[in-house]
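Here's run_24.cif, which has mmCIF, C-alpha atoms:
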data_final
loop_
_atom_site.label_atom_id
_atom_site.label_comp_id
_atom_site.auth_asym_id
_atom_site.auth_seq_id
_atom_site.Cartn_x
_atom_site.Cartn_y
_atom_site.Cartn_z
CA MET L 1047 1.14 99.33 -33.08
CA GLN L 1048 1.86 95.62 -33.20
CA ASP L 1049 -1.10 93.25 -33.08
CA LEU L 1050 -0.39 90.97 -30.13
CA ARG L 1051 -2.93 88.33 -31.09
CA TYR L 1052 -0.26 86.50 -33.10
CA PRO L 1053 3.53 86.30 -32.79
CA GLY L 1054 5.18 89.10 -34.81
CA ASN L 1055 6.88 86.80 -37.29
CA LEU L 1056 3.51 85.28 -38.21
CA ARG L 1057 1.59 88.55 -38.38
CA ASP L 1058 4.22 90.46 -40.33
CA SER L 1059 5.12 87.74 -42.83
CA GLY L 1060 2.17 88.43 -45.09
CA ASP L 1061 1.37 84.71 -45.11
CA SER L 1062 -2.28 84.62 -43.99
CA SER L 1063 -2.27 80.81 -44.02
CA ARG L 1064 0.11 80.61 -41.07
CA PRO L 1065 -2.29 82.08 -38.45
CA ARG L 1066 -5.00 79.73 -39.73
CA ALA L 1067 -2.57 76.82 -39.43
CA LEU L 1068 -1.79 77.87 -35.88
CA VAL L 1069 -5.49 77.98 -34.98
CA ALA L 1070 -6.02 74.56 -36.57
CA SER L 1071 -3.09 73.17 -34.58
CA VAL L 1072 -4.49 74.56 -31.32
CA GLN L 1073 -7.92 73.11 -32.10
CA ALA L 1074 -6.42 69.70 -32.86
CA THR L 1075 -4.44 69.78 -29.62
CA SER L 1076 -7.55 70.74 -27.67
CA GLY L 1077 -9.42 67.84 -29.23
CA LYS L 1078 -6.69 65.41 -28.20
CA THR L 1079 -6.69 66.88 -24.70
CA ARG L 1080 -10.44 66.32 -24.42
CA GLN L 1081 -10.00 62.72 -25.62
CA LEU L 1082 -7.25 62.10 -23.06
CA ARG L 1083 -9.35 63.69 -20.32
CA GLY L 1084 -12.27 61.47 -21.25
CA LEU L 1085 -10.03 58.41 -21.13
CA ARG L 1086 -8.68 59.46 -17.76
CA ASP L 1087 -12.18 59.97 -16.39
CA LYS L 1088 -13.29 56.58 -17.70
CA VAL L 1089 -10.37 54.91 -15.90
CA GLU L 1090 -11.31 56.76 -12.71
CA TRP L 1091 -14.94 55.69 -13.03
CA MET L 1092 -13.88 52.09 -13.24
CA SER L 1093 -11.36 52.18 -10.38
CA ALA L 1094 -11.84 49.73 -7.51
CA THR L 1095 -13.23 52.18 -4.95
CA ALA L 1096 -15.46 53.90 -7.51
CA ARG L 1097 -17.02 50.51 -8.28
CA THR L 1098 -17.41 49.82 -4.56
CA VAL L 1099 -19.29 53.08 -4.00
CA ALA L 1100 -21.61 52.32 -6.91
CA ASP L 1101 -22.16 48.77 -5.61
CA ASN L 1102 -23.03 50.06 -2.14
CA VAL L 1103 -25.37 52.81 -3.33
CA ARG L 1104 -27.31 50.21 -5.32
CA ARG L 1105 -27.25 47.70 -2.43
CA LEU L 1106 -28.47 50.14 0.19
CA ARG L 1107 -31.06 51.83 -1.99
CA THR L 1108 -32.70 48.53 -2.93
CA ALA L 1109 -32.44 47.23 0.64
CA ARG L 1110 -34.47 50.24 1.75
CA GLY L 1111 -37.01 49.74 -1.00
CA MET L 1112 -36.25 53.16 -2.46
CA SER L 1113 -36.69 53.97 -6.13
CA LEU L 1114 -34.21 56.22 -7.89
CA ARG L 1115 -36.82 59.00 -7.77
CA ALA L 1116 -37.32 58.51 -4.04
CA LEU L 1117 -33.59 58.76 -3.36
CA ALA L 1118 -33.38 61.83 -5.61
CA ALA L 1119 -36.19 63.44 -3.60
CA GLU L 1120 -34.39 62.67 -0.34
CA LEU L 1121 -31.18 64.23 -1.65
CA LYS L 1122 -33.07 67.34 -2.73
CA GLU L 1123 -34.64 67.56 0.71
CA ILE L 1124 -31.22 67.61 2.43
CA GLY L 1125 -29.83 70.23 0.05
CA HIS L 1126 -27.73 68.19 -2.39
CA PRO L 1127 -29.98 67.54 -5.39
CA LEU L 1128 -29.12 64.72 -7.77
CA SER L 1129 -31.59 63.66 -10.42
CA ALA L 1130 -32.82 60.11 -10.82
CA ASP L 1131 -30.87 59.99 -14.08
CA ALA L 1132 -27.68 61.06 -12.29
CA LEU L 1133 -28.23 58.37 -9.66
CA ASN L 1134 -28.79 55.78 -12.36
CA LYS L 1135 -25.47 56.78 -13.93
CA ILE L 1136 -23.77 56.48 -10.54
CA GLU L 1137 -25.12 52.96 -10.12
CA ASN L 1138 -24.03 52.12 -13.67
CA GLY L 1139 -20.47 52.23 -12.35
CA ARG L 1140 -21.03 49.17 -10.17
CA THR L 1141 -19.19 45.90 -10.72
CA PRO L 1142 -20.69 44.39 -13.90
CA ALA L 1143 -22.11 40.88 -13.89
CA HIS L 1144 -19.90 38.28 -15.52
CA GLY L 1145 -20.15 38.37 -19.29
CA THR L 1146 -21.95 41.71 -19.46
CA GLU L 1147 -20.64 44.85 -21.15
CA GLU L 1148 -19.52 47.95 -19.32
CA PRO L 1149 -22.24 50.63 -19.30
CA LYS L 1150 -21.42 53.71 -21.33
CA GLN L 1151 -23.19 56.28 -19.19
CA VAL L 1152 -21.59 56.62 -15.76
CA ARG L 1153 -21.26 59.49 -13.29
CA ARG L 1154 -18.39 60.16 -10.95
CA VAL L 1155 -19.18 60.45 -7.23
CA ASP L 1156 -17.28 63.32 -5.62
CA VAL L 1157 -16.81 63.75 -1.89
CA ASP L 1158 -19.89 65.96 -1.54
CA ASP L 1159 -21.99 63.37 -3.35
CA LEU L 1160 -20.55 60.70 -1.06
CA THR L 1161 -21.47 62.38 2.21
CA ALA L 1162 -24.89 63.41 0.92
CA LEU L 1163 -25.64 59.87 -0.28
CA ALA L 1164 -24.55 58.48 3.08
CA GLN L 1165 -26.86 60.90 4.86
CA ALA L 1166 -29.77 60.15 2.53
CA LEU L 1167 -29.25 56.39 2.92
CA ARG L 1168 -28.80 56.71 6.71
CA VAL L 1169 -25.33 55.13 6.87
CA SER L 1170 -21.73 56.10 7.57
CA PRO L 1171 -19.69 57.27 4.57
CA MET L 1172 -17.46 54.25 5.25
CA SER L 1173 -20.39 52.02 4.37
CA LEU L 1174 -20.24 53.42 0.87
CA LEU L 1175 -16.46 53.52 0.51
CA LEU L 1176 -15.62 49.99 1.63
CA PRO L 1177 -16.62 46.60 0.21
CA TRP L 1178 -19.47 44.83 2.00
CA THR L 1179 -18.27 41.24 2.32
CA GLU L 1180 -19.57 38.05 3.90
CA THR L 1181 -16.31 37.24 5.73
CA PRO L 1182 -13.51 39.36 7.26
CA ASN L 1183 -10.77 37.67 5.24
CA ALA L 1184 -12.43 38.13 1.85
CA PRO L 1185 -10.02 39.76 -0.63
CA THR L 1186 -11.06 43.27 -1.57
CA GLU L 1187 -9.71 45.93 -3.90
CA VAL L 1188 -8.94 49.38 -2.49
CA THR L 1189 -7.69 52.13 -4.78
CA GLY L 1190 -4.11 52.95 -3.83
CA ALA L 1191 -3.71 49.91 -1.58
CA GLY L 1192 -4.39 47.07 -3.99
CA THR L 1193 -5.84 43.76 -2.82
CA VAL L 1194 -6.25 43.47 0.94
CA GLU L 1195 -8.45 41.51 3.34
CA ALA L 1196 -11.77 43.17 4.08
CA ARG L 1197 -10.91 43.36 7.78
CA ALA L 1198 -7.68 45.23 7.00
CA ALA L 1199 -9.60 47.72 4.86
CA TRP L 1200 -12.14 48.42 7.60
CA GLU L 1201 -9.48 48.69 10.31
CA TRP L 1202 -7.58 51.15 8.13
CA ALA L 1203 -10.66 53.27 7.42
CA SER L 1204 -11.61 53.35 11.11
CA GLY L 1205 -8.13 54.50 12.15
CA GLN L 1206 -7.09 51.27 13.86
CA ARG L 1207 -4.05 50.35 11.82
CA PRO L 1208 -2.50 51.21 8.43
CA VAL L 1209 -3.31 48.99 5.51
CA THR L 1210 0.34 49.15 4.41
CA VAL L 1211 3.51 49.17 6.51
CA TRP L 1212 5.88 51.66 4.90
CA ASN L 1213 8.82 51.32 7.26
CA GLU L 1214 9.51 47.84 8.62
CA ASP L 1215 12.32 49.21 10.82
CA ASP L 1216 9.82 51.41 12.65
CA HIS L 1217 6.72 49.27 12.39
CA TYR L 1218 5.33 50.04 15.85
CA GLY L 1219 6.23 53.71 15.80
CA GLU L 1220 4.44 53.96 12.46
CA LEU L 1221 1.40 52.18 13.90
CA LEU L 1222 1.31 54.59 16.84
CA ARG L 1223 1.60 57.66 14.61
CA PHE L 1224 -1.15 56.32 12.35
CA ARG L 1225 -3.53 55.81 15.26
CA VAL L 1226 -2.81 59.19 16.84
CA ASP L 1227 -3.06 61.09 13.55
CA SER L 1228 -6.20 59.28 12.35
CA THR L 1229 -8.52 60.06 15.26
CA PRO L 1230 -8.79 63.21 17.40
CA ALA L 1231 -8.25 62.61 21.11
CA TRP L 1232 -11.86 63.42 22.03
CA ALA L 1233 -13.15 60.76 19.60
CA ARG L 1234 -11.05 57.88 20.95
CA THR L 1235 -12.65 55.21 23.09
CA PRO L 1236 -11.19 54.15 26.48
CA ILE L 1237 -9.86 51.02 24.78
CA ASP L 1238 -8.21 53.18 22.10
CA ASN L 1239 -6.47 55.20 24.81
CA ILE L 1240 -5.25 52.09 26.63
CA TYR L 1241 -3.97 50.65 23.37
CA ASN L 1242 -2.17 53.88 22.41
CA GLU L 1243 -0.64 54.35 25.86
CA GLN L 1244 0.71 50.82 25.95
CA LEU L 1245 1.88 51.06 22.37
CA THR L 1246 3.80 54.22 23.34
CA GLU L 1247 5.42 52.36 26.22
CA ALA L 1248 6.19 49.40 23.96
CA VAL L 1249 7.90 51.65 21.42
CA THR L 1250 9.90 53.25 24.26
CA ARG L 1251 10.99 49.87 25.56
CA LEU L 1252 12.02 48.72 22.11
CA ALA L 1253 14.12 51.85 21.73
CA LYS L 1254 16.01 50.76 24.86
CA PHE L 1255 17.03 47.59 23.05
CA LYS L 1256 17.83 49.51 19.85
CA GLY L 1257 15.01 47.80 18.00
CA GLN L 1258 16.18 44.28 18.82
CA GLY L 1259 13.28 43.44 21.11
CA ARG L 1260 9.86 42.66 19.76
CA VAL L 1261 6.21 43.44 20.26
CA GLU L 1262 3.36 41.05 19.53
CA PHE L 1263 -0.16 42.28 18.86
CA ASP L 1264 -3.36 40.33 18.78
CA ARG L 1265 -6.95 41.40 19.25
CA GLU L 1266 -6.82 40.83 23.00
CA ALA L 1267 -3.43 42.15 24.14
CA ILE L 1268 -0.05 43.79 23.47
CA SER L 1269 3.03 41.85 24.63
CA VAL L 1270 6.57 43.28 24.85
CA TYR L 1271 9.64 41.00 24.84
CA ASP L 1272 13.31 41.81 25.41
CA THR L 1273 16.21 40.70 23.25
CA ASP L 1274 16.31 37.32 25.04
CA GLY L 1275 12.65 36.67 24.39
CA ARG L 1276 11.55 37.32 27.98
CA LEU L 1277 8.09 38.81 28.45
CA LEU L 1278 8.42 42.27 29.92
CA GLN L 1279 4.80 43.32 29.76
CA ARG L 1280 1.45 42.06 28.54
CA THR L 1281 -1.44 44.50 28.37
CA GLU L 1282 -4.94 43.19 27.91
CA LEU L 1283 -7.08 45.47 25.80
CA THR L 1284 -9.57 45.82 28.64
CA VAL L 1285 -9.32 47.53 31.98
CA LYS L 1286 -7.22 44.61 33.31
CA GLN L 1287 -3.45 44.89 32.96
CA THR L 1288 -0.71 42.45 33.97
CA ARG L 1289 3.02 43.00 34.22
CA ALA L 1290 5.81 40.41 34.22
CA GLU L 1291 8.52 40.81 36.77
CA GLU L 1292 11.68 42.35 35.36
#

Could you rewrite the structure in this file as structure tokens?
Amino acid sequence: MQDLRYPGNLRDSGDSSRPRALVASVQATSGKTRQLRGLRDKVEWMSATARTVADNVRRLRTARGMSLRALAAELKEIGHPLSADALNKIENGRTPAHGTEEPKQVRRVDVDDLTALAQALRVSPMSLLLPWTETPNAPTEVTGAGTVEARAAWEWASGQRPVTVWNEDDHYGELLRFRVDSTPAWARTPIDNIYNEQLTEAVTRLAKFKGQGRVEFDREAISVYDTDGRLLQRTELTVKQTRAEE
């Protein structure tokens, strides 16, 4: 019966060095794979959002006067234990001070870690994921989105508007789909519903003009104009609503 541990031509050749060479080749390949995996993980540790999470864990922990051991105890209490050493490695991933070397010991935060840390620190998970800036227009780095204003990052994360417009020809339809798909109906505020309803109507009106009309958005209202620039409708993002005569 043929021994299936090696290909027949290797087993039957009588050359015992060939199986050993095969094993050595597999071991070398495995070693390279581990090196590549380690490099990949290191890049992921140092990604923009990974740094932001580490920055925010450190910021919130110290703001609450908690030691690493105290935070570890809180995490154990809520059923997601992380040691003080693990937390220290998480914080090692934060943005390094200018001129300092990157720490060698870091720990990746997975989604379970993220929600548990948010619960232990008494904040929303968004408070860990997004940069905490002094001004709304401060440039921030978001993995996958690049450099954006802090306000844009927070509006994106809260389901208000996409951080990137993928289809300029359907800008408002894309905005509407983003808002509807990002927040379940029961979680939307009355202002969200007004905004979405008027955005739906605006998209419908634009379709009438085959995309040649325009919609203007600001933080107070939505305005719809026809192809001649005439105001068709302006909706205040409050209970009040005004309509221009058509």

| query | Between L:Ile1136, L:Val1209, L:Ala1248, L:Ile1124, which is the closest to Leu1278 (chain L) once you count all atoms listed in the file? | reply | L:Ala1248

| the PyMOL selection byres ((chain L and resi 1187) around 10) on the file shown: which residues, as number ranges by chain? | L: 1093-1095, 1097-1098, 1176-1177, 1185-1186, 1188-1196, 1199

| query | Could you work out how far CA of Asp1158 (chain L) lies from CA of Pro1142 (chain L), giving the answer in Å with one decimal? | reply | 24.9 Å

| note | Using all atoms listed in the file, the residue out of L:Asp1272, L:Glu1247, L:Glu1262, L:Asp1101 with shortest distance to Ser1173 (chain L) is L:Asp1101

| message | Since I can't run it myself right now, could you work out what the PyMOL selection byres ((chain L and resi 1208) around 9) selects here and report it as a list in words? | response | Ala1198, Ala1199, Glu1201, Trp1202, Ala1203, Gly1205, Gln1206, Arg1207, Val1209, Thr1210, Val1211, Glu1220, Leu1221, Phe1224 and Arg1225 of chain L

| field | CA of Val1155 (chain L) to CA of Gly1125 (chain L), straight-line distance in Å | value | 16.2 Å

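Residue nearest Val1249 (chain L), chosen from L:Ser1269, L:Asn1183, L:Thr1161, L:Ser1170 and counting all atoms listed in the file: L:Ser1269.
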